[in-house]
Amino acid sequence: MMRLADRLAARAARRGGPWPVLLAAGATAAAAGELALPTLIGGTIDSRGAAGWLGACLAAVAVVLGGECLAVWARGLTGARASAWVRRAVVRRLLGAGPDMTRRFPPGELVTRAGMNAEEVGRAPEALVSAVALLVPTAGALVALTLIDPLLTLALGAGVAAILLVLRAFLRAGGTLSGAYQETQGHIAARLVDALGGARTIAAAGTVEREARRVLEPLPRLRAHGAELWRATATAGVRAGVMVPVLEVAVLACGGWLLAGGRLTIGELYAAARYAVLGAALSGALGYVGQLARARSAAGRVAEVLDVPVLGYGTRRLPEGDGTLELRGTPVGDLVVPGGSVTAVAGRSGSGKSALAELAGRLRDPATGVVLLDGVPLPELSRQELRAAVGYAFERPVLLGETVGAAIGMGGIDGGGAERAARAAGADGFIGRLPRGYGTALASAPLSGGERQRLGLARAFARARRLLVLDDATSSLDTVTERQVSRALTEQYGGCTRLVVTHRVATAARADRVVWMEDGRVRAVGTHGELWSEPEYRAVFEERHFEERQ
């Protein structure tokens with residue numbers, strides 16, 4: 001996974017536009033100016049302040065200031081551009097993978113990875129460029145000391161090697177500890193999102209304190225990981241920091257001995273001392289190395305999301321047909337749903353009803369076998385053709401759009417089509433009572449669970465051309481509205497195939513036929529009357545049937 005993480009960070013850097021290049025240019029220019037200064041100042045000392053040497057010093061200072069300003073400016077833009085690219089890639093993958101994504105990761109985890117972790121990945125380019133830029137003055141210092149006297153190079157080189165070993169060890173330890181810290185953050189976020197989804201239930205049950213403790217239960221673990229990371233950073237910082245005065249003393253000791261022997265001038269000794277400081281400045285890379293370690297561990301978490309495959313689409317269009325749906329060799333079994341029919345899908349909770357519904361309109365692909373619509377395998381259809389042919393409605397619909405009308409039309413249906421669909425779903429009445437009707441802002445529309453479900457039904461009605469799939473989409477409707485919707489399904493949408501997942505005995509009784517699901521597979525297919533003779537089939541509706549009689 002670390003290889004995938006490194007490749008992701010590299011791609012983020014390439015997508016950063018010109019800013020990583022400008023950051024490298026600015027950092028390198030500043031490092032070059034710093035390298036030149038000791039020699040120029042030493043020359044100024046030996047020449048007793050000659051104007052040429054002094055002017056060169058001022059020019060080097062200007063290069064350092066200009067390079068630093070460019071680096072600071074480019075550093076922020078590099079991170080912003082890289083983070084934006086990572087976030088876009090993650091969001092596209094989240095939406096493109098469909099239900100498979102939320103089966104692998106809790107929603108709170110996905111929010112953390114698309115938000116906080118994506119931002120940390122975006123900081124990898126600036127951390128890497130800044131850390132590598134610190135190698136320039138170190139390498140230059142070693143070369144400059146070699147030119148002055150090779151003995152000085154040996155003194156500095158030994159210390160630089162020790163600093164590199166400290167940084168390498170910290171990169172490994174920091175990556176592991178950062179990964180554990182980020183994973184715990186994801187756990188807390190996942191629990192919080194779950195709690196927010198059940199906020200009304202928690203308030204009604206009076207379990208706020210207990211739920212708060214559950215959400216925050218990983219906090220001690222988070223604190224422990226944070227403390228370990230802090231100790232690792234502090235230890236590495238002390239080890240690297242100790243090398244700075246040691247290196248300076250070692251180089252000055254060698255330089256003093258060489259000066260006493262007449263092998264160095266005063267200016268060269270000053271330059272050697274400054275080069276010792278520049279060489280030891282590599283210890284300052286510790287912060288960038290820590291940032292890089294966090295970015296690598298975050299990139300590993302983001303790469304896991306990007307590794308989830310998205311649904312690919314073909315280019316075919318549907319031929320003329322009546323909407324016949326076929327499942328061949330799939331995990332739920334073999335099934336043919338006649339075109340134009342109303343087929344109910346019944347079964348106990350966990351029996352595989354929603355899995356069948358997802359396969360029918362290709363919200364996901366079966367692990368084995370194939371699903372066909374009017375003889376065409378669904379993966380061979382273009383995205384536009386498939387989504388124009390299939391309409392979905394769910395038990396808890398998510399409404400998208402600025403207004404109520406836009407939520408029904410989803411940008412592809414005109415106002416007249418949206419209104420006809422709303423009437424069929426029994427939504428036209430309450431929409432008319434809203435302040436601005438179909439133009440009412442969705443965010444300010446006070447909608448009950450049943451009203452939201454009716455809008456979801458209207459959206460499905462408006463879009464379905466060949467196949468309409470209702471996944472328990474009438475569970476929150478009152479009996480009168482449910483009958484109205486059932487009548488619309490039978491009378492107004494006879495031109496398309498209707499697959500209705502239901503727990504209601506009345507819905508199953510009105511369907512042309514029923515698919516009885518059990519243990520994730522099709523157990524039997526027949527009319528409601530034919531299946532009703534089976535005690536186990538009757539037990540599927542027993543509880544709901546009792547409620548309706550009450």
# chains A, B, ... in the order shown; residues from 1 in each chain; ligands from 1
call {"tool": "closest_atom_pairs", "arguments": {"of": "region 276-365 of chain A", "to": "region 32-53 of chain A", "cutoff": "12 Å", "atoms": "only C-alpha atoms", "output": "tab-separated table"}}
result
residue	atom	partner	partner_atom	distance
A:Ala276	CA	A:Pro38	CA	10.2
A:Val277	CA	A:Pro38	CA	10.2
A:Leu278	CA	A:Leu35	CA	7.6
A:Gly279	CA	A:Leu35	CA	9.7
A:Ala281	CA	A:Glu34	CA	11.2
call {"tool": "write_last_selection", "arguments": {"atoms": "C-alpha atoms", "output": "PDB file, in the first residue's frame"}}
result
ATOM      1  CA  ALA A 276      29.487  23.864   9.173  1.00  0.00           C
ATOM      2  CA  VAL A 277      26.274  25.671  10.166  1.00  0.00           C
ATOM      3  CA  LEU A 278      24.834  25.255   6.645  1.00  0.00           C
ATOM      4  CA  GLY A 279      25.724  21.577   6.570  1.00  0.00           C
ATOM      5  CA  ALA A 281      20.976  22.842   8.797  1.00  0.00           C
TER       6      ALA A 281
END
call {"tool": "select_by_dssp", "arguments": {"residues": "region 309-452 of chain A", "states": "alpha helix (DSSP H)", "output": "number ranges by chain"}}
result
A: 353-360, 383-389, 404-409, 415-424, 428-432, 449-452
call {"tool": "residues_around", "arguments": {"residues": "region 328-332 of chain A", "least_positions_apart": "4", "cutoff": "12 Å", "atoms": "only C-alpha atoms", "output": "VMD selection string"}}
result
chain A and resid 336 to 337 351 to 360 365 to 373 375 377 515 to 524
call {"tool": "select_by_dssp", "arguments": {"residues": "region 248-428 of chain A", "states": "strand (DSSP E or B)", "output": "MDAnalysis selection string"}}
result
chainID A and resid 316 325:330 333:337 342:346 370:373 376:377 381 390:394 403
call {"tool": "closest_residue", "arguments": {"among": "A:Ala393, A:Val111, A:Ala144, A:Leu447", "to": "Ser475 (chain A)", "atoms": "only C-alpha atoms"}}
result
A:Ala393
call {"tool": "closest_atom_pairs", "arguments": {"of": "region 459-484 of chain A", "to": "region 308-320 of chain A", "cutoff": "12 Å", "atoms": "only C-alpha atoms", "output": "JSON lines"}}
result
{"residue": "A:Arg465", "atom": "CA", "partner": "A:Leu318", "partner_atom": "CA", "distance": 11.1}
{"residue": "A:Arg466", "atom": "CA", "partner": "A:Leu318", "partner_atom": "CA", "distance": 9.4}
{"residue": "A:Leu467", "atom": "CA", "partner": "A:Leu318", "partner_atom": "CA", "distance": 11.9}
call {"tool": "residues_around", "arguments": {"residues": "Gly287 (chain A)", "least_positions_apart": "6", "cutoff": "10 Å", "atoms": "only C-alpha atoms", "output": "number ranges by chain"}}
result
A: 127, 130-131, 167, 233, 237, 293
call {"tool": "residues_around", "arguments": {"residues": "Leu23 (chain A)", "least_positions_apart": "2", "cutoff": "6 Å", "atoms": "only C-alpha atoms", "output": "ChimeraX atom specification"}}
result
/A:19-21,25-26,71,74-75
call {"tool": "closest_residue", "arguments": {"among": "A:Gly347, A:Gly98, A:Pro535, A:Pro446", "to": "Ala508 (chain A)", "atoms": "only C-alpha atoms"}}
result
A:Gly347
call {"tool": "residues_around", "arguments": {"residues": "Arg221 (chain A)", "least_positions_apart": "4", "cutoff": "12 Å", "atoms": "only C-alpha atoms", "output": "list in words"}}
result
Leu177, Ala180, Tyr181, Gln182, Glu183, Thr184, Gln185, His187, Ile188, Leu216, Glu217, His225, Gly226, Ala227 and Glu228 of chain A
call {"tool": "residues_around", "arguments": {"residues": "Arg263 (chain A)", "least_positions_apart": "6", "cutoff": "10 Å", "atoms": "only C-alpha atoms", "output": "MDAnalysis selection string"}}
result
chainID A and resid 148:149 255:257 269
call {"tool": "write_last_selection", "arguments": {"atoms": "all heavy atoms", "output": "PDB file, in the first residue's frame"}}
result
ATOM      1  N   ILE A 148      38.286  23.951   0.546  1.00  0.00           N
ATOM      2  CA  ILE A 148      39.134  24.633   1.536  1.00  0.00           C
ATOM      3  C   ILE A 148      40.179  23.673   2.088  1.00  0.00           C
ATOM      4  O   ILE A 148      41.376  23.957   2.071  1.00  0.00           O
ATOM      5  CB  ILE A 148      38.256  25.205   2.670  1.00  0.00           C
ATOM      6  CG1 ILE A 148      37.317  26.289   2.117  1.00  0.00           C
ATOM      7  CG2 ILE A 148      39.126  25.793   3.780  1.00  0.00           C
ATOM      8  CD1 ILE A 148      36.295  26.786   3.110  1.00  0.00           C
ATOM      9  N   ASP A 149      39.677  22.519   2.596  1.00  0.00           N
ATOM     10  CA  ASP A 149      40.601  21.477   3.067  1.00  0.00           C
ATOM     11  C   ASP A 149      39.793  20.198   3.293  1.00  0.00           C
ATOM     12  O   ASP A 149      38.781  20.219   4.008  1.00  0.00           O
ATOM     13  CB  ASP A 149      41.292  21.879   4.367  1.00  0.00           C
ATOM     14  CG  ASP A 149      42.471  20.958   4.690  1.00  0.00           C
ATOM     15  OD1 ASP A 149      42.225  19.800   5.086  1.00  0.00           O
ATOM     16  OD2 ASP A 149      43.618  21.419   4.537  1.00  0.00           O
ATOM     17  N   GLY A 255      39.528  23.476  11.896  1.00  0.00           N
ATOM     18  CA  GLY A 255      39.936  24.730  11.257  1.00  0.00           C
ATOM     19  C   GLY A 255      40.976  25.472  12.072  1.00  0.00           C
ATOM     20  O   GLY A 255      41.931  26.044  11.516  1.00  0.00           O
ATOM     21  N   GLY A 256      40.807  25.494  13.396  1.00  0.00           N
ATOM     22  CA  GLY A 256      41.802  26.144  14.243  1.00  0.00           C
ATOM     23  C   GLY A 256      43.158  25.484  14.145  1.00  0.00           C
ATOM     24  O   GLY A 256      44.209  26.160  14.121  1.00  0.00           O
ATOM     25  N   TRP A 257      43.128  24.153  14.134  1.00  0.00           N
ATOM     26  CA  TRP A 257      44.404  23.427  13.993  1.00  0.00           C
ATOM     27  C   TRP A 257      45.062  23.749  12.652  1.00  0.00           C
ATOM     28  O   TRP A 257      46.285  23.959  12.580  1.00  0.00           O
ATOM     29  CB  TRP A 257      44.130  21.933  14.121  1.00  0.00           C
ATOM     30  CG  TRP A 257      45.353  21.082  14.010  1.00  0.00           C
ATOM     31  CD1 TRP A 257      46.349  20.931  14.926  1.00  0.00           C
ATOM     32  CD2 TRP A 257      45.733  20.286  12.874  1.00  0.00           C
ATOM     33  NE1 TRP A 257      47.322  20.089  14.461  1.00  0.00           N
ATOM     34  CE2 TRP A 257      46.958  19.666  13.201  1.00  0.00           C
ATOM     35  CE3 TRP A 257      45.150  20.011  11.632  1.00  0.00           C
ATOM     36  CZ2 TRP A 257      47.629  18.808  12.320  1.00  0.00           C
ATOM     37  CZ3 TRP A 257      45.817  19.151  10.779  1.00  0.00           C
ATOM     38  CH2 TRP A 257      47.016  18.562  11.108  1.00  0.00           C
ATOM     39  N   LEU A 269      38.732  30.381   7.621  1.00  0.00           N
ATOM     40  CA  LEU A 269      38.219  29.802   8.863  1.00  0.00           C
ATOM     41  C   LEU A 269      36.776  30.253   9.105  1.00  0.00           C
ATOM     42  O   LEU A 269      35.932  29.449   9.517  1.00  0.00           O
ATOM     43  CB  LEU A 269      39.097  30.221  10.042  1.00  0.00           C
ATOM     44  CG  LEU A 269      38.639  29.700  11.416  1.00  0.00           C
ATOM     45  CD1 LEU A 269      38.629  28.170  11.432  1.00  0.00           C
ATOM     46  CD2 LEU A 269      39.539  30.245  12.525  1.00  0.00           C
TER      47      LEU A 269
END
call {"tool": "closest_residue", "arguments": {"among": "A:Arg513, A:Arg423, A:Arg483, A:Arg213", "to": "Phe461 (chain A)", "atoms": "only C-alpha atoms"}}
result
A:Arg423
call {"tool": "closest_residue", "arguments": {"among": "A:Leu156, A:Ala118, A:Gly206, A:Gly401", "to": "Met243 (chain A)", "atoms": "only C-alpha atoms"}}
result
A:Leu156
call {"tool": "closest_residue", "arguments": {"among": "A:Leu531, A:Leu8, A:Gly67, A:Glu536", "to": "Leu22 (chain A)", "atoms": "only C-alpha atoms"}}
result
A:Gly67
